[in-house]
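The data block below is query-v2.txt; it holds compact mmCIF, C-alpha atoms and all ligand atoms.
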```txt
# COMPACT_ATOMS: atom_id res chain seq x y z
CA MET V 59 -64.05 -130.92 -18.92
CA ARG V 60 -61.07 -132.68 -20.58
CA ASN V 61 -62.60 -132.78 -24.02
CA GLN V 62 -63.96 -129.28 -24.07
CA ARG V 63 -62.14 -126.97 -26.43
CA ARG V 64 -62.57 -123.27 -26.93
CA LYS V 65 -64.92 -122.36 -29.73
CA ILE V 66 -63.39 -121.11 -32.95
CA ILE V 67 -64.77 -118.00 -34.63
CA SER V 68 -63.34 -117.27 -38.06
CA VAL V 69 -63.73 -113.86 -39.64
CA ILE V 70 -63.14 -113.50 -43.38
CA GLY V 71 -62.38 -109.88 -44.15
CA ALA V 72 -60.47 -108.15 -41.35
CA GLY V 73 -61.39 -104.60 -42.30
CA ASN V 74 -63.34 -102.19 -40.15
CA VAL V 75 -66.22 -104.52 -39.32
CA GLY V 76 -64.12 -107.70 -39.18
CA GLU V 77 -61.50 -106.39 -36.78
CA HIS V 78 -64.18 -105.06 -34.43
CA VAL V 79 -66.03 -108.38 -34.56
CA ALA V 80 -62.73 -109.95 -33.56
CA SER V 81 -61.97 -107.62 -30.68
CA LEU V 82 -65.51 -107.70 -29.24
CA THR V 83 -65.67 -111.50 -29.54
CA LEU V 84 -62.39 -111.74 -27.67
CA LEU V 85 -63.35 -109.20 -25.03
CA LYS V 86 -66.48 -111.24 -24.33
CA GLY V 87 -64.38 -114.39 -24.01
CA LEU V 88 -66.41 -116.25 -26.62
CA GLY V 89 -63.50 -118.24 -28.06
CA ASP V 90 -60.45 -118.22 -30.30
CA VAL V 91 -60.48 -115.98 -33.34
CA ARG V 92 -58.97 -116.58 -36.77
CA LEU V 93 -58.83 -113.67 -39.18
CA PHE V 94 -58.48 -113.97 -42.96
CA ASP V 95 -57.74 -111.17 -45.38
CA ILE V 96 -55.85 -110.38 -48.58
CA PRO V 97 -52.39 -108.75 -48.72
CA ARG V 98 -52.00 -105.03 -49.44
CA LYS V 99 -49.56 -103.89 -52.11
CA GLU V 100 -47.89 -100.48 -51.93
CA GLY V 101 -45.38 -100.01 -54.77
CA ASP V 102 -43.22 -103.09 -54.61
CA LYS V 103 -43.86 -103.61 -50.91
CA ILE V 104 -46.37 -106.20 -49.77
CA PHE V 105 -48.02 -105.82 -46.39
CA GLU V 106 -49.95 -108.49 -44.50
CA PRO V 107 -52.19 -106.36 -42.29
CA VAL V 108 -54.23 -109.34 -41.11
CA LYS V 109 -51.22 -110.89 -39.41
CA GLY V 110 -50.35 -107.57 -37.77
CA LYS V 111 -53.91 -107.10 -36.51
CA ALA V 112 -53.95 -110.60 -35.05
CA LEU V 113 -50.70 -109.96 -33.18
CA ASP V 114 -51.98 -106.65 -31.89
CA LEU V 115 -55.19 -108.31 -30.66
CA GLN V 116 -53.25 -111.14 -29.03
CA GLN V 117 -51.18 -108.59 -27.13
CA MET V 118 -54.35 -106.75 -26.12
CA LEU V 119 -55.50 -110.01 -24.51
CA ALA V 120 -52.28 -110.31 -22.53
CA ALA V 121 -52.89 -106.83 -21.15
CA LEU V 122 -56.52 -107.72 -20.41
CA GLU V 123 -55.68 -111.11 -18.94
CA VAL V 124 -58.09 -112.96 -21.24
CA ASP V 125 -57.10 -116.44 -22.43
CA ALA V 126 -57.74 -116.89 -26.12
CA LYS V 127 -55.74 -117.40 -29.26
CA VAL V 128 -55.88 -114.98 -32.19
CA GLU V 129 -54.30 -115.76 -35.54
CA GLY V 130 -54.21 -113.95 -38.86
CA PHE V 131 -53.95 -115.60 -42.26
CA THR V 132 -53.18 -113.94 -45.56
CA VAL V 133 -55.32 -115.36 -48.38
CA SER V 134 -55.30 -114.87 -52.12
CA PRO V 135 -58.07 -112.62 -53.50
CA ASP V 136 -59.33 -115.38 -55.79
CA GLY V 137 -59.64 -117.75 -52.84
CA SER V 138 -57.13 -120.25 -54.23
CA SER V 139 -54.90 -120.27 -51.13
CA GLY V 140 -54.59 -119.47 -47.46
CA TYR V 141 -57.85 -120.83 -46.04
CA GLU V 142 -56.70 -124.12 -44.45
CA ALA V 143 -57.06 -122.65 -40.96
CA LEU V 144 -60.83 -122.40 -41.42
CA ALA V 145 -60.81 -126.05 -40.34
CA GLY V 146 -62.63 -126.58 -37.06
CA SER V 147 -64.49 -123.26 -37.15
CA ASP V 148 -67.76 -123.23 -35.24
CA ILE V 149 -68.76 -119.92 -36.79
CA VAL V 150 -67.55 -118.21 -39.95
CA VAL V 151 -68.32 -114.51 -40.34
CA ILE V 152 -68.05 -113.04 -43.85
CA THR V 153 -67.34 -109.31 -43.98
CA ALA V 154 -65.05 -109.41 -47.02
CA GLY V 155 -66.05 -106.99 -49.71
CA PHE V 156 -66.41 -103.34 -50.44
CA PRO V 157 -68.18 -100.94 -48.10
CA ARG V 158 -70.41 -98.10 -49.25
CA ARG V 159 -68.99 -94.71 -50.13
CA PRO V 160 -71.04 -91.51 -50.11
CA GLY V 161 -73.74 -91.55 -52.79
CA MET V 162 -73.73 -95.35 -53.13
CA SER V 163 -76.63 -97.64 -52.31
CA ARG V 164 -75.99 -101.07 -50.82
CA GLU V 165 -77.14 -102.54 -54.13
CA ASP V 166 -74.31 -100.76 -55.97
CA LEU V 167 -71.92 -103.19 -54.27
CA LEU V 168 -73.64 -106.30 -55.57
CA ASP V 169 -71.53 -107.22 -58.56
CA LYS V 170 -68.07 -106.95 -56.95
CA ASN V 171 -69.10 -108.41 -53.61
CA ILE V 172 -70.69 -111.49 -55.15
CA GLN V 173 -67.44 -112.22 -57.01
CA ILE V 174 -65.58 -112.06 -53.68
CA LEU V 175 -68.17 -114.31 -52.06
CA LYS V 176 -67.71 -116.84 -54.85
CA ALA V 177 -63.99 -117.00 -54.07
CA ILE V 178 -64.67 -117.61 -50.38
CA VAL V 179 -67.52 -120.14 -50.46
CA PRO V 180 -65.57 -123.17 -51.78
CA ASN V 181 -63.13 -122.75 -48.90
CA ILE V 182 -65.89 -122.80 -46.29
CA GLN V 183 -67.36 -125.88 -47.97
CA LYS V 184 -63.97 -127.57 -47.98
CA TYR V 185 -62.58 -126.65 -44.57
CA ALA V 186 -65.55 -125.77 -42.39
CA PRO V 187 -68.49 -127.81 -43.69
CA ASN V 188 -70.18 -127.93 -40.28
CA SER V 189 -69.86 -124.26 -39.44
CA ILE V 190 -72.59 -121.69 -38.98
CA VAL V 191 -72.12 -118.81 -41.41
CA ILE V 192 -72.98 -115.19 -40.69
CA VAL V 193 -72.94 -112.84 -43.68
CA VAL V 194 -72.31 -109.13 -43.14
CA THR V 195 -71.26 -107.98 -46.60
CA ASN V 196 -73.80 -105.75 -48.33
CA PRO V 197 -76.34 -105.84 -49.86
CA VAL V 198 -76.75 -108.27 -47.01
CA ASP V 199 -80.08 -109.95 -47.77
CA THR V 200 -78.98 -110.75 -51.30
CA MET V 201 -75.49 -111.77 -50.22
CA THR V 202 -77.03 -114.10 -47.64
CA TYR V 203 -79.25 -115.58 -50.34
CA ALA V 204 -76.21 -116.05 -52.59
CA ALA V 205 -74.20 -117.61 -49.74
CA TYR V 206 -77.03 -119.98 -48.91
CA LYS V 207 -77.44 -121.09 -52.53
CA LEU V 208 -73.71 -121.41 -53.19
CA LEU V 209 -72.84 -123.16 -49.92
CA GLY V 210 -75.61 -125.74 -50.04
CA PHE V 211 -75.70 -125.80 -46.21
CA PRO V 212 -78.99 -126.35 -44.37
CA ALA V 213 -80.85 -123.02 -44.18
CA ASN V 214 -80.56 -122.79 -40.39
CA ARG V 215 -76.75 -122.55 -40.65
CA VAL V 216 -76.66 -119.49 -42.90
CA MET V 217 -77.84 -116.03 -41.85
CA GLY V 218 -77.24 -112.36 -42.46
CA MET V 219 -76.73 -109.61 -39.91
CA ALA V 220 -78.95 -106.54 -40.31
CA GLY V 221 -82.01 -106.50 -38.07
CA ILE V 222 -80.09 -106.28 -34.79
CA LEU V 223 -78.20 -103.28 -36.15
CA ASP V 224 -81.28 -101.54 -37.52
CA SER V 225 -83.08 -102.21 -34.24
CA ALA V 226 -80.15 -100.80 -32.24
CA ARG V 227 -80.35 -97.64 -34.35
CA PHE V 228 -84.11 -97.47 -33.85
CA ARG V 229 -83.73 -97.88 -30.07
CA THR V 230 -80.98 -95.27 -29.95
CA PHE V 231 -83.15 -92.66 -31.65
CA ILE V 232 -86.13 -93.47 -29.41
CA SER V 233 -83.82 -93.17 -26.43
CA TYR V 234 -82.60 -89.73 -27.60
CA LYS V 235 -86.19 -88.54 -27.84
CA LEU V 236 -87.42 -89.93 -24.51
CA GLY V 237 -84.27 -89.62 -22.43
CA ILE V 238 -84.73 -93.25 -21.36
CA SER V 239 -82.07 -95.97 -21.52
CA PRO V 240 -82.21 -98.11 -24.68
CA LYS V 241 -82.07 -101.10 -22.32
CA ASP V 242 -85.71 -100.41 -21.43
CA ILE V 243 -86.77 -99.84 -25.02
CA HIS V 244 -88.13 -102.86 -26.87
CA ALA V 245 -88.35 -101.96 -30.49
CA TYR V 246 -87.23 -103.74 -33.57
CA VAL V 247 -86.96 -103.64 -37.28
CA ILE V 248 -87.68 -106.41 -39.78
CA GLY V 249 -87.62 -106.61 -43.59
CA GLY V 250 -84.78 -105.89 -45.98
CA HIS V 251 -81.68 -103.98 -44.87
CA GLY V 252 -82.41 -100.95 -46.98
CA ASP V 253 -84.57 -97.87 -47.21
CA GLU V 254 -87.69 -100.04 -47.10
CA MET V 255 -86.94 -101.70 -43.76
CA VAL V 256 -89.96 -102.07 -41.46
CA PRO V 257 -89.78 -100.73 -37.89
CA ILE V 258 -92.53 -102.50 -35.95
CA ILE V 259 -94.22 -99.59 -34.21
CA SER V 260 -97.28 -101.57 -33.15
CA ARG V 261 -95.15 -103.86 -30.92
CA SER V 262 -92.60 -101.28 -29.76
CA ASN V 263 -92.76 -100.37 -26.11
CA VAL V 264 -90.88 -98.87 -23.21
CA LYS V 265 -91.06 -101.25 -20.25
CA GLY V 266 -94.39 -102.46 -21.61
CA VAL V 267 -95.87 -99.04 -22.40
CA PRO V 268 -96.66 -98.82 -26.12
CA LEU V 269 -94.54 -96.29 -28.00
CA LYS V 270 -97.60 -94.51 -29.35
CA TYR V 271 -98.56 -93.53 -25.76
CA LEU V 272 -95.20 -91.84 -25.29
CA LEU V 273 -94.51 -90.14 -28.60
CA SER V 274 -96.63 -88.27 -31.13
CA GLU V 275 -97.18 -89.66 -34.61
CA GLU V 276 -94.91 -86.96 -35.97
CA GLU V 277 -92.12 -87.83 -33.52
CA ILE V 278 -92.40 -91.52 -34.39
CA ARG V 279 -92.31 -90.70 -38.10
CA GLU V 280 -89.09 -88.70 -37.63
CA ILE V 281 -87.48 -91.54 -35.68
CA VAL V 282 -88.47 -94.09 -38.32
CA GLU V 283 -87.02 -91.92 -41.11
CA ARG V 284 -83.74 -91.46 -39.24
CA THR V 285 -83.56 -95.22 -38.60
CA LYS V 286 -84.14 -96.07 -42.25
CA PHE V 287 -81.29 -93.80 -43.30
CA GLY V 288 -79.18 -94.49 -40.21
CA GLY V 289 -76.50 -96.25 -42.23
CA GLY V 290 -76.42 -93.50 -44.86
CA GLU V 291 -76.12 -90.81 -42.18
CA ILE V 292 -72.88 -92.41 -41.00
CA VAL V 293 -71.56 -92.99 -44.54
CA ALA V 294 -72.09 -89.29 -45.26
CA LEU V 295 -70.16 -88.31 -42.13
CA MET V 296 -67.30 -90.81 -42.31
CA GLY V 297 -66.95 -91.45 -46.04
CA THR V 298 -67.29 -95.18 -45.35
CA SER V 299 -69.85 -97.35 -43.64
CA ALA V 300 -70.38 -97.93 -39.93
CA TYR V 301 -68.53 -100.61 -38.00
CA TYR V 302 -68.88 -100.40 -34.20
CA ALA V 303 -72.62 -101.13 -34.09
CA PRO V 304 -72.52 -103.60 -37.01
CA ALA V 305 -69.72 -105.52 -35.29
CA MET V 306 -71.56 -105.60 -31.97
CA ALA V 307 -74.68 -106.87 -33.75
CA VAL V 308 -72.66 -109.74 -35.20
CA VAL V 309 -71.22 -110.54 -31.78
CA GLU V 310 -74.75 -110.64 -30.34
CA MET V 311 -75.54 -113.35 -32.89
CA ILE V 312 -72.32 -115.25 -32.19
CA GLU V 313 -72.99 -115.15 -28.46
CA SER V 314 -76.56 -116.35 -28.75
CA ILE V 315 -75.46 -119.25 -30.97
CA LEU V 316 -72.40 -120.33 -29.00
CA LEU V 317 -74.13 -120.07 -25.62
CA ASP V 318 -77.30 -121.66 -27.02
CA ALA V 319 -79.10 -118.69 -25.52
CA LYS V 320 -82.33 -118.95 -27.59
CA ARG V 321 -82.57 -115.19 -27.95
CA ILE V 322 -85.01 -113.81 -30.51
CA HIS V 323 -83.40 -111.43 -32.97
CA PRO V 324 -84.32 -110.21 -36.43
CA CYS V 325 -81.82 -111.80 -38.85
CA SER V 326 -81.80 -112.25 -42.58
CA VAL V 327 -82.64 -115.91 -43.18
CA TYR V 328 -83.72 -118.10 -46.06
CA VAL V 329 -87.43 -118.72 -46.10
CA ASP V 330 -89.44 -120.56 -48.63
CA LYS V 331 -93.20 -120.76 -48.65
CA ASN V 332 -93.83 -119.15 -45.28
CA GLU V 333 -97.51 -118.39 -45.03
CA PHE V 334 -97.38 -116.10 -42.01
CA TYR V 335 -94.85 -113.73 -43.53
CA GLU V 336 -96.12 -114.44 -47.08
CA VAL V 337 -92.66 -115.04 -48.52
CA GLU V 338 -91.12 -117.54 -50.83
CA ASP V 339 -87.52 -118.24 -51.88
CA ILE V 340 -85.95 -115.19 -50.26
CA CYS V 341 -83.54 -114.07 -47.54
CA VAL V 342 -85.01 -111.21 -45.53
CA GLY V 343 -84.99 -109.96 -41.95
CA ILE V 344 -87.39 -111.96 -39.80
CA PRO V 345 -87.39 -112.52 -36.02
CA VAL V 346 -85.74 -115.88 -35.37
CA LEU V 347 -84.63 -117.87 -32.37
CA LEU V 348 -80.83 -118.17 -32.20
CA GLY V 349 -79.27 -121.20 -30.54
CA LYS V 350 -76.64 -123.88 -30.99
CA ASP V 351 -78.09 -125.05 -34.32
CA GLY V 352 -78.08 -121.56 -35.83
CA TRP V 353 -81.47 -120.00 -36.35
CA GLU V 354 -83.77 -122.61 -34.97
CA ARG V 355 -87.21 -121.30 -35.72
CA ILE V 356 -89.12 -118.34 -37.04
CA PHE V 357 -90.96 -116.21 -34.51
CA GLU V 358 -94.26 -114.89 -35.81
CA VAL V 359 -95.01 -111.29 -34.85
CA PRO V 360 -98.51 -109.97 -35.56
CA LEU V 361 -98.22 -106.91 -37.80
CA SER V 362 -100.65 -104.03 -38.16
CA ARG V 363 -102.27 -103.53 -41.56
CA GLU V 364 -99.91 -100.69 -42.36
CA GLU V 365 -96.84 -102.68 -41.29
CA ARG V 366 -97.96 -105.62 -43.39
CA GLU V 367 -98.17 -103.29 -46.40
CA GLN V 368 -94.67 -101.96 -45.70
CA TRP V 369 -93.44 -105.51 -45.22
CA ARG V 370 -94.73 -106.50 -48.67
CA LYS V 371 -92.94 -103.54 -50.24
CA SER V 372 -89.71 -104.36 -48.45
CA VAL V 373 -89.91 -107.99 -49.57
CA GLU V 374 -90.51 -106.89 -53.17
CA SER V 375 -87.48 -104.65 -53.05
CA VAL V 376 -85.22 -107.44 -51.73
CA LYS V 377 -86.64 -109.78 -54.37
CA ARG V 378 -85.62 -107.38 -57.13
CA THR V 379 -81.99 -107.37 -55.97
CA ILE V 380 -82.01 -111.14 -55.58
CA GLU V 381 -83.22 -111.43 -59.18
CA LEU V 382 -80.26 -109.27 -60.28
CA ALA V 383 -77.91 -111.48 -58.28
CA LYS V 384 -79.15 -114.68 -59.86
CA ARG V 385 -77.21 -113.96 -63.04
CA PHE V 386 -73.98 -114.21 -61.03
CA LEU V 387 -74.84 -117.48 -59.30
N1 LIG V 401 -60.90 -112.10 -49.79
C1 LIG V 401 -60.81 -111.78 -48.47
N2 LIG V 401 -60.94 -110.54 -48.00
C2 LIG V 401 -61.19 -109.57 -48.89
C3 LIG V 401 -61.33 -109.82 -50.26
C4 LIG V 401 -61.14 -111.16 -50.72
N3 LIG V 401 -61.24 -111.48 -52.01
N4 LIG V 401 -61.59 -108.63 -50.89
C5 LIG V 401 -61.64 -107.69 -49.94
N5 LIG V 401 -61.39 -108.24 -48.73
C6 LIG V 401 -61.28 -107.55 -47.43
C7 LIG V 401 -60.58 -106.20 -47.58
O1 LIG V 401 -59.16 -106.35 -47.73
C8 LIG V 401 -60.97 -105.51 -46.29
O2 LIG V 401 -60.02 -105.67 -45.26
O3 LIG V 401 -62.53 -107.23 -46.88
C9 LIG V 401 -62.29 -106.20 -45.92
C10 LIG V 401 -63.47 -105.24 -45.93
O4 LIG V 401 -63.23 -104.29 -44.96
P1 LIG V 401 -63.54 -102.73 -45.16
O5 LIG V 401 -63.14 -102.31 -46.53
O6 LIG V 401 -62.97 -102.02 -43.99
O7 LIG V 401 -65.14 -102.71 -45.11
P2 LIG V 401 -66.07 -102.80 -43.83
O8 LIG V 401 -66.43 -101.44 -43.38
O9 LIG V 401 -65.48 -103.75 -42.85
O10 LIG V 401 -67.38 -103.43 -44.47
C11 LIG V 401 -67.39 -104.74 -44.95
O11 LIG V 401 -69.66 -105.11 -44.38
O12 LIG V 401 -71.20 -103.62 -43.49
C12 LIG V 401 -70.74 -104.25 -44.65
O13 LIG V 401 -71.24 -102.65 -46.41
C13 LIG V 401 -70.21 -103.25 -45.65
O14 LIG V 401 -70.03 -104.77 -47.48
C14 LIG V 401 -69.32 -104.09 -46.48
C15 LIG V 401 -68.75 -105.09 -45.46
```

Rewritten as structure tokens:
Amino acid sequence: MRNQRRKIISVIGAGNVGEHVASLTLLKGLGDVRLFDIPRKEGDKIFEPVKGKALDLQQMLAALEVDAKVEGFTVSPDGSSGYEALAGSDIVVITAGFPRRPGMSREDLLDKNIQILKAIVPNIQKYAPNSIVIVVTNPVDTMTYAAYKLLGFPANRVMGMAGILDSARFRTFISYKLGISPKDIHAYVIGGHGDEMVPIISRSNVKGVPLKYLLSEEEIREIVERTKFGGGEIVALMGTSAYYAPAMAVVEMIESILLDAKRIHPCSVYVDKNEFYEVEDICVGIPVLLGKDGWERIFEVPLSREEREQWRKSVESVKRTIELAKRFL
């Protein structure tokens, strides 16, 4: 094992989501973590929270007796300095950007978050050209599309996190209703990460028993509605967007990739001319196989007629935001 080194997971944006991605990645022993974030100015004082968070996490590992290295790097907001330590990254997670506040849609973030992405991308190209990139920043399907186009990496090495999170919400609400562990609930959500996401009822089951045998149509409708607005429910309560479940969803992706686990998860990926899902030149949530090469293939899930209709609507809605984004690319 002389030549084996620990994997390197870099996280750009060490805010709520980023710091939880870091701590969960470390707790699972997946590798070394490098955090990147901008300085914070208060009056004439300049803080470097990212370095403090990295130290705190490193000390957490000493208490936990986990061997890994955590480092924090302060970068300039325009991306012109501070990114050298991206070198050698196996995975780069992008969470940098603004989260939603009450009353905002994910699309309201587009303009500012694309500018931030544009500052980050040249650094990934320069220092981590072989990395696999996971985009978290919202509106995630469009940001993933922008990242894919700007990076110029093969499509399988760029993906957005959304479907695992939406599916976790869906499973949680089914679990509340049935009083059964989410571990035994197979249910997932595809499509855009927005109000038009598509929970796949026809394939959802509890230990093989179809959901529609266990819940009434009305109960399923309620669960679907709560899932669609699951992110907004948390924004309304906290004044900012969720981070525990989003971070865990990212770590699920990291784990599947680094362990070459070949798990199937809905992720936002670039697809062009896919006949089964009837999409072209878009990033949208589709079940994919995650392994050492990133997302390795698309998994085709038969959809009911109604789901197919919802899928088309969701795709159209993502397409509209992507069209808006094109003027920034
Ligand atoms: N370069 C690097 N980091 C930046 C930059 C930049 N130019 N601009 C902002 N950041 C950092 C912020 O300093 C902050 O620490 O990005 C981090 C974002 O963290 P939060 O504001 O806590 O937001 P968070 O809840 O983590 O959400 C991040 O993920 O789920 C999505 O909608 C959410 O788009 C949002 C993103």

Select the residues contacting ligand LIG 401 (chain V) at a distance of at most 6 Å, based on all atoms listed in the file, then format the selection as a PyMOL selection string.
-> chain V and resi 70-76+95-96+135-136+153-158+174+194-196+299+301

Keeping only C-alpha atoms, write those residues as a PDB file, in the coordinates of the input.
```
ATOM      1  CA  ILE V  70     -63.140-113.500 -43.380  1.00  0.00           C
ATOM      2  CA  GLY V  71     -62.380-109.880 -44.150  1.00  0.00           C
ATOM      3  CA  ALA V  72     -60.470-108.150 -41.350  1.00  0.00           C
ATOM      4  CA  GLY V  73     -61.390-104.600 -42.300  1.00  0.00           C
ATOM      5  CA  ASN V  74     -63.340-102.190 -40.150  1.00  0.00           C
ATOM      6  CA  VAL V  75     -66.220-104.520 -39.320  1.00  0.00           C
ATOM      7  CA  GLY V  76     -64.120-107.700 -39.180  1.00  0.00           C
ATOM      8  CA  ASP V  95     -57.740-111.170 -45.380  1.00  0.00           C
ATOM      9  CA  ILE V  96     -55.850-110.380 -48.580  1.00  0.00           C
ATOM     10  CA  PRO V 135     -58.070-112.620 -53.500  1.00  0.00           C
ATOM     11  CA  ASP V 136     -59.330-115.380 -55.790  1.00  0.00           C
ATOM     12  CA  THR V 153     -67.340-109.310 -43.980  1.00  0.00           C
ATOM     13  CA  ALA V 154     -65.050-109.410 -47.020  1.00  0.00           C
ATOM     14  CA  GLY V 155     -66.050-106.990 -49.710  1.00  0.00           C
ATOM     15  CA  PHE V 156     -66.410-103.340 -50.440  1.00  0.00           C
ATOM     16  CA  PRO V 157     -68.180-100.940 -48.100  1.00  0.00           C
ATOM     17  CA  ARG V 158     -70.410 -98.100 -49.250  1.00  0.00           C
ATOM     18  CA  ILE V 174     -65.580-112.060 -53.680  1.00  0.00           C
ATOM     19  CA  VAL V 194     -72.310-109.130 -43.140  1.00  0.00           C
ATOM     20  CA  THR V 195     -71.260-107.980 -46.600  1.00  0.00           C
ATOM     21  CA  ASN V 196     -73.800-105.750 -48.330  1.00  0.00           C
ATOM     22  CA  SER V 299     -69.850 -97.350 -43.640  1.00  0.00           C
ATOM     23  CA  TYR V 301     -68.530-100.610 -38.000  1.00  0.00           C
TER      24      TYR V 301
END
```

Might you pull out every residue within 8 Å of range 176-193 of chain V, with all atoms listed in the file counted and same-chain residues fewer than 3 positions away left off, and present them as a short mmCIF file (atom, residue, chain, number, x, y, z; two decimals) with C-alpha atoms, in the coordinates of the input?
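And here is the file that came out, out-v7.cif:
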```cif
data_model
loop_
_atom_site.label_atom_id
_atom_site.label_comp_id
_atom_site.auth_asym_id
_atom_site.auth_seq_id
_atom_site.Cartn_x
_atom_site.Cartn_y
_atom_site.Cartn_z
CA PRO V 135 -58.07 -112.62 -53.50
CA ASP V 136 -59.33 -115.38 -55.79
CA GLY V 137 -59.64 -117.75 -52.84
CA SER V 138 -57.13 -120.25 -54.23
CA TYR V 141 -57.85 -120.83 -46.04
CA GLU V 142 -56.70 -124.12 -44.45
CA ALA V 143 -57.06 -122.65 -40.96
CA LEU V 144 -60.83 -122.40 -41.42
CA ALA V 145 -60.81 -126.05 -40.34
CA GLY V 146 -62.63 -126.58 -37.06
CA SER V 147 -64.49 -123.26 -37.15
CA ASP V 148 -67.76 -123.23 -35.24
CA ILE V 149 -68.76 -119.92 -36.79
CA VAL V 150 -67.55 -118.21 -39.95
CA VAL V 151 -68.32 -114.51 -40.34
CA ILE V 152 -68.05 -113.04 -43.85
CA THR V 153 -67.34 -109.31 -43.98
CA ILE V 172 -70.69 -111.49 -55.15
CA GLN V 173 -67.44 -112.22 -57.01
CA VAL V 198 -76.75 -108.27 -47.01
CA MET V 201 -75.49 -111.77 -50.22
CA THR V 202 -77.03 -114.10 -47.64
CA ALA V 205 -74.20 -117.61 -49.74
CA LEU V 208 -73.71 -121.41 -53.19
CA LEU V 209 -72.84 -123.16 -49.92
CA PHE V 211 -75.70 -125.80 -46.21
CA ARG V 215 -76.75 -122.55 -40.65
CA VAL V 216 -76.66 -119.49 -42.90
CA MET V 217 -77.84 -116.03 -41.85
CA GLY V 218 -77.24 -112.36 -42.46
CA MET V 219 -76.73 -109.61 -39.91
CA VAL V 308 -72.66 -109.74 -35.20
CA ASP V 351 -78.09 -125.05 -34.32
CA GLY V 352 -78.08 -121.56 -35.83
#
```

Tell me which protein, DNA and RNA residues are within 9 Å of Arg355 in chain V, counting all atoms listed in the file, leaving out same-chain ones fewer than 6 positions away, and put them as a PyMOL selection string.
-> chain V and resi 214+345-348

Writer output for current selection, C-alpha atoms, as a CSV table (one decimal), keeping the file's coordinate frame:
```csv
chain,number,residue,atom,x,y,z
V,214,ASN,CA,-80.6,-122.8,-40.4
V,345,PRO,CA,-87.4,-112.5,-36.0
V,346,VAL,CA,-85.7,-115.9,-35.4
V,347,LEU,CA,-84.6,-117.9,-32.4
V,348,LEU,CA,-80.8,-118.2,-32.2
```

Could you tell me which of V:Val359, V:Leu272, V:Gly101, V:Val309 comes closest to Leu84 in chain V if we count all atoms listed in the file?
-> V:Val309

Using all atoms listed in the file, which residues sit within 12 Å of Leu88 in chain V once same-chain residues fewer than 6 positions away are excluded, as a list in words?
-> Arg63, Arg64, Lys65, Ile66, Ile67, Ser68, Val79, Ala80, Ser81, Leu82, Val124, Asp125, Ala126, Lys127, Val128, Asp148, Ile149, Val309, Glu310, Met311, Ile312, Glu313, Ser314, Ile315, Leu316 and Leu317 of chain V

Give me, please, the distance in Å between CA of Arg164 in chain V and CA of Thr298 in chain V, quoted to one decimal.
-> 11.8 Å

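Atom pair CA of Ile344 in chain V / CA of Val247 in chain V: separated by 8.7 Å.
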
Of the candidates V:Pro360, V:Gly89, V:Gly349, V:Gly140, which one gets nearest to His323 in chain V if we count only C-alpha atoms?
->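 Smallest distance to His323 in chain V is found for V:Gly349.
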
How big is the axis-aligned box around all listed atoms of range 151-157 of chain V once 3 Å goes on each side, and where's its centre, in Å to one decimal, as AutoDock Vina command-line options?
```
--center_x -66.7 --center_y -107.7 --center_z -45.4 --size_x 9.3 --size_y 19.6 --size_z 16.1
```

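Proximity of V:Pro257, V:Gly249, V:Pro240, V:Pro268 to Val337 in chain V, computed with only C-alpha atoms, is greatest for V:Gly249.
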